Amino acid sequence: RLSAWCFFVDVRREERTLWRGALSASGHALAPALEGVATATLFERSDIVTPGDRRRLGAAGVAAALGAGPAPDHSARVVAVHSASGRAFPIEAGLALGSRRQLQEAIPAPPATLRCVVGFGARSLACLPKAGLMVPQGSIEISLGLAFLGPDGLWLPGVGAGRVMLAALLEA
């Protein structure tokens with residue numbers, strides 16, 4: 001069952017963590033409204049970073065570096081943890097701009113048994129309501145997405161059978 005798994009993500013520059021987040025099927029699975037959309041992203045979370053938050057510069061730096069082209073000094077680390085057994089293992093990860101991957105996108109590198117791509121997106125928010133809350137002007141919305149590649153080197157679909165395939169690969 002995919003619901004028993006949680007993924008801990010660190011977005012780094014060299015050896016310094018600039019952003020981190022945890023994603024799980026229970027709280028961050030893409031909405032059923034995306035059924036039929038050709039997305040490879042299985043999980044996505046959004047966080048708001050307000051002016052004065054010490055994470056703001058790191059997050060903005062990651063987005064700027066990825067937006068400028070290849071950023072070899074930026075990387076992502078992903079650890080999968082099974083909540084019931086406590087079993088944990090790293091998953092080989094790449095880093096890309098934008099939190100969502102499409103099934104027709106080029107594959108970033110030859111995969112291992114299981115590989116993921118961490119999508120990182122940032123957008124400025126004006127003084128607009130977000131989930132019923134007013135956010136201060138100058139706030140940034142950070143989106144973190146996870147898409148997976150199977151052992152055949154193809155994207156796992158973000159909806160439907162992709163979830164079943166990912167659960168099977170994690171349990172293997």
# chains A, B, ... in the order shown; residues from 1 in each chain; ligands from 1
call {"tool": "residues_around", "arguments": {"residues": "Leu2 (chain A)", "least_positions_apart": "5", "cutoff": "7 Å", "atoms": "only C-alpha atoms", "output": "PyMOL selection string"}}
result
chain A and resi 25+163+167
call {"tool": "write_last_selection", "arguments": {"atoms": "C-alpha atoms", "output": "short mmCIF file (atom, residue, chain, number, x, y, z; two decimals), in the first residue's frame"}}
result
data_model
loop_
_atom_site.label_atom_id
_atom_site.label_comp_id
_atom_site.auth_asym_id
_atom_site.auth_seq_id
_atom_site.Cartn_x
_atom_site.Cartn_y
_atom_site.Cartn_z
CA ALA A 25 0.02 9.61 -0.24
CA ARG A 163 0.42 4.31 -7.79
CA ALA A 167 3.88 0.60 -4.21
#
call {"tool": "residues_around", "arguments": {"residues": "Arg56 (chain A)", "least_positions_apart": "6", "cutoff": "8 Å", "atoms": "only C-alpha atoms", "output": "mmCIF file with N, CA and C atoms, in the first residue's frame"}}
result
data_model
loop_
_atom_site.group_PDB
_atom_site.id
_atom_site.type_symbol
_atom_site.label_atom_id
_atom_site.label_comp_id
_atom_site.auth_asym_id
_atom_site.auth_seq_id
_atom_site.Cartn_x
_atom_site.Cartn_y
_atom_site.Cartn_z
ATOM 1 N N VAL A 49 6.098 30.898 1.943
ATOM 2 C CA VAL A 49 7.231 31.498 2.640
ATOM 3 C C VAL A 49 6.993 33.001 2.653
ATOM 4 N N THR A 50 6.864 33.574 3.822
ATOM 5 C CA THR A 50 6.566 34.998 3.949
ATOM 6 C C THR A 50 7.851 35.813 4.082
ATOM 7 N N ILE A 140 6.168 34.010 -1.086
ATOM 8 C CA ILE A 140 6.470 33.094 -2.189
ATOM 9 C C ILE A 140 5.789 31.771 -1.907
#
call {"tool": "select_by_dssp", "arguments": {"residues": "chain A", "states": "strand (DSSP E or B)", "output": "ChimeraX atom specification"}}
result
/A:5-13,16-24,29,39,41-49,74-82,88-97,102,115-125,129-130,133-134,139-149,155
call {"tool": "select_by_dssp", "arguments": {"residues": "chain A", "states": "helix (DSSP H, G or I)", "output": "ChimeraX atom specification"}}
result
/A:2-4,25-28,32-34,56-67,161-171
call {"tool": "residues_around", "arguments": {"residues": "region 87-102 of chain A", "least_positions_apart": "3", "cutoff": "9 Å", "atoms": "only C-alpha atoms", "output": "number ranges by chain"}}
result
A: 11, 37-45, 62-63, 66-67, 70-71, 74-84, 105-106, 108-109, 111-112, 114-122, 142-147, 155, 157-158
call {"tool": "atom_distance", "arguments": {"atom1": "CA of Leu149 (chain A)", "atom2": "CA of Gly162 (chain A)"}}
result
9.9 Å
call {"tool": "decode", "arguments": {"residues": "region 15-86 of chain A", "atoms": "C-alpha atoms", "output": "short mmCIF file (atom, residue, chain, number, x, y, z; two decimals), in the first residue's frame"}}
result
data_model
loop_
_atom_site.label_atom_id
_atom_site.label_comp_id
_atom_site.auth_asym_id
_atom_site.auth_seq_id
_atom_site.Cartn_x
_atom_site.Cartn_y
_atom_site.Cartn_z
CA GLU A 15 26.20 20.20 1.07
CA ARG A 16 23.81 22.84 2.46
CA THR A 17 20.07 22.14 2.70
CA LEU A 18 18.09 25.00 1.14
CA TRP A 19 14.62 23.46 1.31
CA ARG A 20 13.13 20.33 2.80
CA GLY A 21 9.73 18.75 2.84
CA ALA A 22 7.90 15.50 3.50
CA LEU A 23 5.39 14.10 1.02
CA SER A 24 2.98 11.21 1.49
CA ALA A 25 0.02 9.61 -0.24
CA SER A 26 -2.27 10.61 2.62
CA GLY A 27 -1.61 14.35 2.37
CA HIS A 28 0.10 15.14 -0.91
CA ALA A 29 -1.26 12.84 -3.63
CA LEU A 30 -2.38 14.77 -6.69
CA ALA A 31 -6.09 15.42 -6.79
CA PRO A 32 -8.42 12.91 -8.48
CA ALA A 33 -9.41 15.81 -10.74
CA LEU A 34 -6.17 15.11 -12.64
CA GLU A 35 -7.39 11.63 -13.64
CA GLY A 36 -6.86 11.34 -17.37
CA VAL A 37 -4.18 14.06 -17.42
CA ALA A 38 -0.82 12.81 -18.73
CA THR A 39 1.14 13.67 -15.58
CA ALA A 40 4.03 11.70 -14.13
CA THR A 41 3.91 13.56 -10.79
CA LEU A 42 2.47 11.40 -8.02
CA PHE A 43 2.86 13.77 -5.05
CA GLU A 44 2.91 17.53 -4.69
CA ARG A 45 2.95 19.91 -1.73
CA SER A 46 2.87 23.68 -1.51
CA ASP A 47 4.20 25.88 1.25
CA ILE A 48 4.05 29.65 1.73
CA VAL A 49 7.23 31.50 2.64
CA THR A 50 6.57 35.00 3.95
CA PRO A 51 8.94 37.97 3.98
CA GLY A 52 11.37 37.62 6.88
CA ASP A 53 11.30 33.80 6.81
CA ARG A 54 14.92 32.58 6.85
CA ARG A 55 14.09 29.89 4.24
CA ARG A 56 13.06 32.53 1.69
CA LEU A 57 16.51 33.27 0.27
CA GLY A 58 17.37 29.59 -0.10
CA ALA A 59 14.11 28.81 -1.88
CA ALA A 60 14.41 31.82 -4.20
CA GLY A 61 18.03 30.86 -4.93
CA VAL A 62 17.08 27.32 -5.93
CA ALA A 63 14.32 28.58 -8.25
CA ALA A 64 16.64 31.16 -9.83
CA ALA A 65 19.45 28.64 -10.35
CA LEU A 66 17.15 26.04 -11.93
CA GLY A 67 15.49 28.70 -14.08
CA ALA A 68 18.86 29.81 -15.47
CA GLY A 69 19.63 26.36 -16.88
CA PRO A 70 21.56 23.35 -15.61
CA ALA A 71 22.57 23.82 -11.96
CA PRO A 72 25.21 21.16 -11.26
CA ASP A 73 25.83 22.43 -7.73
CA HIS A 74 22.13 21.90 -6.80
CA SER A 75 20.78 18.44 -6.02
CA ALA A 76 17.98 16.58 -4.29
CA ARG A 77 18.08 13.74 -1.80
CA VAL A 78 15.03 11.57 -1.24
CA VAL A 79 14.54 8.98 1.50
CA ALA A 80 11.51 6.67 1.45
CA VAL A 81 10.24 5.57 4.87
CA HIS A 82 7.64 2.88 5.54
CA SER A 83 5.56 4.07 8.49
CA ALA A 84 4.61 0.65 9.87
CA SER A 85 7.99 -1.08 9.72
CA GLY A 86 10.32 1.92 9.94
#
